[in-house]
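Enquirer: Contents of entry-v9.txt (compact mmCIF, N, CA, C and O atoms) are given next:
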# COMPACT_ATOMS: atom_id res chain seq x y z
N MET A 73 2.28 -25.67 -36.15
CA MET A 73 2.42 -25.36 -34.75
C MET A 73 1.11 -24.73 -34.28
O MET A 73 0.62 -23.78 -34.87
N ALA A 74 0.55 -25.23 -33.21
CA ALA A 74 -0.71 -24.73 -32.68
C ALA A 74 -0.48 -23.48 -31.83
O ALA A 74 0.53 -23.38 -31.14
N ILE A 75 -1.41 -22.57 -31.92
CA ILE A 75 -1.33 -21.36 -31.11
C ILE A 75 -1.88 -21.70 -29.72
O ILE A 75 -2.97 -22.24 -29.60
N GLN A 76 -1.10 -21.36 -28.72
CA GLN A 76 -1.55 -21.65 -27.36
C GLN A 76 -2.54 -20.60 -26.91
O GLN A 76 -2.32 -19.40 -27.10
N LYS A 77 -3.62 -21.07 -26.33
CA LYS A 77 -4.62 -20.17 -25.80
C LYS A 77 -4.20 -19.77 -24.39
O LYS A 77 -3.75 -20.59 -23.61
N ARG A 78 -4.34 -18.50 -24.11
CA ARG A 78 -3.99 -18.00 -22.78
C ARG A 78 -4.98 -18.56 -21.77
O ARG A 78 -6.19 -18.57 -22.00
N ALA A 79 -4.47 -19.02 -20.65
CA ALA A 79 -5.33 -19.60 -19.60
C ALA A 79 -6.28 -18.53 -19.07
O ALA A 79 -5.91 -17.39 -18.86
N SER A 80 -7.51 -18.92 -18.87
CA SER A 80 -8.48 -18.00 -18.28
C SER A 80 -8.61 -18.34 -16.80
O SER A 80 -8.31 -19.43 -16.36
N GLY A 81 -9.06 -17.38 -16.05
CA GLY A 81 -9.19 -17.61 -14.62
C GLY A 81 -8.10 -16.89 -13.86
O GLY A 81 -7.49 -15.96 -14.36
N GLY A 82 -7.84 -17.33 -12.67
CA GLY A 82 -6.86 -16.66 -11.84
C GLY A 82 -7.49 -15.49 -11.12
O GLY A 82 -8.67 -15.19 -11.28
N ARG A 83 -6.71 -14.83 -10.33
CA ARG A 83 -7.25 -13.71 -9.57
C ARG A 83 -7.30 -12.46 -10.44
O ARG A 83 -6.45 -12.26 -11.31
N PRO A 84 -8.27 -11.60 -10.19
CA PRO A 84 -8.34 -10.36 -10.95
C PRO A 84 -7.20 -9.42 -10.55
O PRO A 84 -6.65 -9.50 -9.45
N SER A 85 -6.87 -8.51 -11.43
CA SER A 85 -5.80 -7.55 -11.17
C SER A 85 -6.15 -6.66 -9.99
O SER A 85 -7.30 -6.28 -9.79
N LYS A 86 -5.15 -6.31 -9.21
CA LYS A 86 -5.33 -5.38 -8.10
C LYS A 86 -4.99 -3.96 -8.51
O LYS A 86 -4.92 -3.07 -7.68
N GLY A 87 -4.75 -3.76 -9.80
CA GLY A 87 -4.47 -2.42 -10.30
C GLY A 87 -2.98 -2.12 -10.33
O GLY A 87 -2.14 -2.98 -10.07
N ASP A 88 -2.67 -0.88 -10.63
CA ASP A 88 -1.29 -0.43 -10.74
C ASP A 88 -0.61 -0.54 -9.38
O ASP A 88 -1.15 -0.09 -8.37
N ARG A 89 0.54 -1.15 -9.34
CA ARG A 89 1.27 -1.36 -8.09
C ARG A 89 2.73 -0.94 -8.25
O ARG A 89 3.27 -0.91 -9.34
N HIS A 90 3.36 -0.64 -7.13
CA HIS A 90 4.79 -0.31 -7.09
C HIS A 90 5.44 -1.22 -6.06
O HIS A 90 4.90 -1.41 -4.97
N VAL A 91 6.57 -1.77 -6.38
CA VAL A 91 7.28 -2.68 -5.47
C VAL A 91 8.13 -1.87 -4.51
O VAL A 91 8.90 -1.00 -4.92
N LEU A 92 7.98 -2.14 -3.22
CA LEU A 92 8.80 -1.53 -2.18
C LEU A 92 9.52 -2.65 -1.45
O LEU A 92 8.94 -3.70 -1.19
N THR A 93 10.76 -2.40 -1.08
CA THR A 93 11.52 -3.39 -0.34
C THR A 93 12.00 -2.77 0.96
O THR A 93 12.47 -1.63 0.96
N THR A 94 11.86 -3.50 2.04
CA THR A 94 12.32 -3.01 3.33
C THR A 94 12.84 -4.18 4.16
O THR A 94 12.53 -5.34 3.88
N ARG A 95 13.62 -3.87 5.14
CA ARG A 95 14.13 -4.89 6.05
C ARG A 95 13.57 -4.61 7.44
O ARG A 95 13.67 -3.49 7.93
N ILE A 96 12.95 -5.63 8.02
CA ILE A 96 12.40 -5.47 9.36
C ILE A 96 12.96 -6.57 10.25
O ILE A 96 13.43 -7.60 9.75
N PRO A 97 12.91 -6.37 11.55
CA PRO A 97 13.41 -7.40 12.45
C PRO A 97 12.69 -8.74 12.23
O PRO A 97 11.50 -8.78 11.92
N THR A 98 13.42 -9.81 12.40
CA THR A 98 12.90 -11.15 12.14
C THR A 98 11.64 -11.45 12.95
O THR A 98 10.69 -12.03 12.42
N ALA A 99 11.61 -11.04 14.20
CA ALA A 99 10.44 -11.31 15.04
C ALA A 99 9.18 -10.65 14.46
O ALA A 99 8.10 -11.25 14.46
N GLN A 100 9.32 -9.42 13.96
CA GLN A 100 8.18 -8.74 13.35
C GLN A 100 7.77 -9.42 12.06
O GLN A 100 6.57 -9.56 11.77
N ALA A 101 8.74 -9.85 11.26
CA ALA A 101 8.43 -10.54 10.01
C ALA A 101 7.68 -11.83 10.29
O ALA A 101 6.69 -12.14 9.60
N GLU A 102 8.11 -12.57 11.28
CA GLU A 102 7.43 -13.82 11.62
C GLU A 102 5.99 -13.56 12.05
O GLU A 102 5.07 -14.31 11.71
N LYS A 103 5.78 -12.47 12.78
CA LYS A 103 4.42 -12.12 13.21
C LYS A 103 3.57 -11.74 12.00
O LYS A 103 2.40 -12.12 11.90
N ILE A 104 4.15 -10.99 11.06
CA ILE A 104 3.42 -10.61 9.84
C ILE A 104 2.99 -11.86 9.09
O ILE A 104 1.84 -11.98 8.67
N PHE A 105 3.92 -12.80 8.90
CA PHE A 105 3.59 -14.04 8.19
C PHE A 105 2.51 -14.82 8.91
O PHE A 105 1.60 -15.38 8.29
N ALA A 106 2.57 -14.87 10.24
CA ALA A 106 1.57 -15.62 11.02
C ALA A 106 0.19 -14.99 10.90
O ALA A 106 -0.82 -15.69 10.70
N VAL A 107 0.13 -13.67 11.02
CA VAL A 107 -1.16 -12.97 10.93
C VAL A 107 -1.74 -13.10 9.52
O VAL A 107 -2.93 -13.40 9.35
N ALA A 108 -0.91 -12.90 8.51
CA ALA A 108 -1.38 -13.01 7.13
C ALA A 108 -1.88 -14.42 6.84
O ALA A 108 -2.93 -14.60 6.22
N ASP A 109 -1.14 -15.42 7.32
CA ASP A 109 -1.55 -16.81 7.12
C ASP A 109 -2.88 -17.08 7.81
O ASP A 109 -3.76 -17.73 7.24
N ALA A 110 -3.05 -16.57 9.02
CA ALA A 110 -4.30 -16.78 9.76
C ALA A 110 -5.48 -16.12 9.04
O ALA A 110 -6.62 -16.60 9.12
N GLN A 111 -5.21 -15.01 8.34
CA GLN A 111 -6.27 -14.32 7.60
C GLN A 111 -6.46 -14.88 6.20
O GLN A 111 -7.36 -14.47 5.48
N GLY A 112 -5.59 -15.81 5.80
CA GLY A 112 -5.71 -16.42 4.48
C GLY A 112 -5.29 -15.52 3.34
O GLY A 112 -5.81 -15.66 2.23
N ILE A 113 -4.39 -14.58 3.63
CA ILE A 113 -3.91 -13.68 2.59
C ILE A 113 -2.38 -13.72 2.57
O ILE A 113 -1.75 -14.25 3.49
N SER A 114 -1.79 -13.14 1.53
CA SER A 114 -0.34 -13.11 1.46
C SER A 114 0.20 -12.04 2.40
O SER A 114 -0.51 -11.10 2.78
N ALA A 115 1.46 -12.19 2.78
CA ALA A 115 2.10 -11.19 3.63
C ALA A 115 2.11 -9.85 2.91
O ALA A 115 1.91 -8.79 3.53
N SER A 116 2.33 -9.86 1.61
CA SER A 116 2.34 -8.63 0.82
C SER A 116 0.98 -7.92 0.89
O SER A 116 0.92 -6.70 1.08
N SER A 117 -0.10 -8.67 0.77
CA SER A 117 -1.44 -8.08 0.86
C SER A 117 -1.70 -7.52 2.25
O SER A 117 -2.28 -6.44 2.41
N PHE A 118 -1.25 -8.25 3.27
CA PHE A 118 -1.43 -7.79 4.65
C PHE A 118 -0.69 -6.48 4.88
O PHE A 118 -1.23 -5.52 5.43
N ILE A 119 0.56 -6.42 4.43
CA ILE A 119 1.36 -5.21 4.60
C ILE A 119 0.72 -4.05 3.85
O ILE A 119 0.64 -2.93 4.37
N ALA A 120 0.22 -4.30 2.65
CA ALA A 120 -0.44 -3.24 1.86
C ALA A 120 -1.67 -2.72 2.59
O ALA A 120 -1.92 -1.50 2.63
N GLU A 121 -2.45 -3.61 3.20
CA GLU A 121 -3.65 -3.19 3.94
C GLU A 121 -3.28 -2.36 5.16
O GLU A 121 -3.90 -1.32 5.42
N VAL A 122 -2.28 -2.79 5.90
CA VAL A 122 -1.85 -2.07 7.10
C VAL A 122 -1.32 -0.68 6.72
O VAL A 122 -1.64 0.32 7.38
N MET A 123 -0.54 -0.62 5.65
CA MET A 123 0.00 0.67 5.22
C MET A 123 -1.11 1.60 4.74
O MET A 123 -1.08 2.80 5.01
N ALA A 124 -2.11 1.05 4.05
CA ALA A 124 -3.23 1.88 3.59
C ALA A 124 -3.98 2.47 4.78
O ALA A 124 -4.37 3.65 4.77
N GLU A 125 -4.18 1.67 5.83
CA GLU A 125 -4.85 2.16 7.04
C GLU A 125 -4.04 3.27 7.69
O GLU A 125 -4.59 4.30 8.10
N LYS A 126 -2.74 3.09 7.80
CA LYS A 126 -1.87 4.10 8.42
C LYS A 126 -1.85 5.37 7.58
O LYS A 126 -1.97 6.48 8.11
N LEU A 127 -1.69 5.24 6.27
CA LEU A 127 -1.61 6.41 5.40
C LEU A 127 -2.92 7.20 5.37
O LEU A 127 -2.90 8.41 5.16
N ALA A 128 -4.04 6.52 5.59
CA ALA A 128 -5.33 7.20 5.60
C ALA A 128 -5.44 8.19 6.76
O ALA A 128 -6.23 9.13 6.71
N THR A 129 -4.64 8.00 7.79
CA THR A 129 -4.69 8.87 8.97
C THR A 129 -3.75 10.06 8.86
O THR A 129 -3.72 10.91 9.74
N ILE A 130 -2.95 10.14 7.79
CA ILE A 130 -1.95 11.19 7.65
C ILE A 130 -2.44 12.25 6.66
O ILE A 130 -2.83 11.93 5.54
N ASP A 131 -2.40 13.51 7.09
CA ASP A 131 -2.78 14.64 6.24
C ASP A 131 -1.50 15.21 5.62
O ASP A 131 -0.68 15.80 6.32
N LEU A 132 -1.32 15.03 4.32
CA LEU A 132 -0.10 15.49 3.65
C LEU A 132 0.08 17.00 3.73
O LEU A 132 1.21 17.49 3.78
N GLU A 133 -1.00 17.74 3.76
CA GLU A 133 -0.89 19.20 3.84
C GLU A 133 -0.24 19.63 5.15
O GLU A 133 0.50 20.60 5.19
N GLN A 134 -0.49 18.90 6.23
CA GLN A 134 0.14 19.22 7.51
C GLN A 134 1.63 18.89 7.48
O GLN A 134 2.42 19.53 8.16
N LEU A 135 2.01 17.88 6.73
CA LEU A 135 3.41 17.49 6.66
C LEU A 135 4.26 18.51 5.92
O LEU A 135 5.41 18.73 6.24
N THR A 136 3.69 19.15 4.90
CA THR A 136 4.45 20.11 4.11
C THR A 136 4.59 21.44 4.81
O THR A 136 5.46 22.24 4.47
N GLY A 137 3.75 21.70 5.79
CA GLY A 137 3.81 22.97 6.51
C GLY A 137 3.18 24.11 5.74
O GLY A 137 3.29 25.26 6.14
N GLN A 138 2.54 23.81 4.62
CA GLN A 138 1.90 24.85 3.84
C GLN A 138 0.39 24.65 3.87
O GLN A 138 -0.10 23.54 3.82
N GLU A 139 -0.30 25.77 3.99
CA GLU A 139 -1.76 25.73 3.96
C GLU A 139 -2.22 26.22 2.59
O GLU A 139 -1.51 26.92 1.89
N THR A 140 -3.45 25.89 2.28
CA THR A 140 -4.05 26.39 1.04
C THR A 140 -4.29 27.89 1.19
O THR A 140 -4.80 28.34 2.21
N LEU A 141 -3.90 28.65 0.18
CA LEU A 141 -4.08 30.09 0.20
C LEU A 141 -5.55 30.41 -0.07
O LEU A 141 -6.08 30.04 -1.12
N PRO A 142 -6.21 31.10 0.87
CA PRO A 142 -7.62 31.45 0.61
C PRO A 142 -7.72 32.36 -0.61
O PRO A 142 -6.85 33.20 -0.86
N LEU A 143 -8.77 32.19 -1.39
CA LEU A 143 -8.92 32.95 -2.63
C LEU A 143 -8.96 34.45 -2.43
O LEU A 143 -8.45 35.21 -3.23
N TYR A 144 -9.51 34.92 -1.31
CA TYR A 144 -9.59 36.36 -1.10
C TYR A 144 -8.21 36.97 -0.85
O TYR A 144 -8.01 38.17 -0.98
N LYS A 145 -7.20 36.17 -0.49
CA LYS A 145 -5.85 36.69 -0.29
C LYS A 145 -4.97 36.50 -1.54
O LYS A 145 -3.85 36.97 -1.59
N ALA A 146 -5.49 35.81 -2.53
CA ALA A 146 -4.69 35.47 -3.71
C ALA A 146 -4.43 36.66 -4.63
O ALA A 146 -3.47 36.68 -5.35
N SER A 147 -5.29 37.68 -4.60
CA SER A 147 -5.09 38.79 -5.55
C SER A 147 -4.56 40.03 -4.91
O SER A 147 -4.38 40.21 -3.79
I'd like the structure from this file rewritten - as structure tokens, please.

Expert:
Amino acid sequence: MAIQKRASGGRPSKGDRHVLTTRIPTAQAEKIFAVADAQGISASSFIAEVMAEKLATIDLEQLTGQETLPLYKAS
């Protein structure tokens, strides 16, 4: 029995990923598919890019309501 060689090529890894599932209105989904198709990317890649842009504008420290304690007040 011959050992099969793994195919070379294909797209490079995009790194560690986590699968998220959501339900959106059909009209919005159709628009996502149309925009992604026009850009030549998958809907998943388009959604990931849009979410990355949105998340870049959010400061997590403001969401928690806690500020960093200045060192001179720590002791």

Enquirer: Could you go through chain A and tell me which residues DSSP, when run on the backbone, assigns to alpha helix (DSSP H), listing them as a PyMOL selection string?

Expert: chain A and resi 98-111+115-128+132-136

Enquirer: Provide the atom O of Gly87 (chain A) to CA of Glu133 (chain A) distance in Å, to one decimal place.

Expert: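 A separation of 26.2 Å between them.
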
Enquirer: May I have the residues at most 9 Å from (3.7, -13.9, 7.2) in the file's coordinates, counting only C-alpha atoms, as a PyMOL selection string?

Expert: chain A and resi 101-110+113-116+118

Enquirer: One decimal, in Å: what's the spacing between atom O of Arg83 (chain A) and CA of Ile119 (chain A)?

Expert: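 CA of Ile119 (chain A) lies at a distance of 19.1 Å from atom O of Arg83 (chain A).
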
Enquirer: Atom O of Thr98 (chain A) to atom O of Glu125 (chain A): how many Å, to one decimal?

Expert: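 For atom O of Thr98 (chain A) relative to atom O of Glu125 (chain A), the distance reads 22.8 Å.
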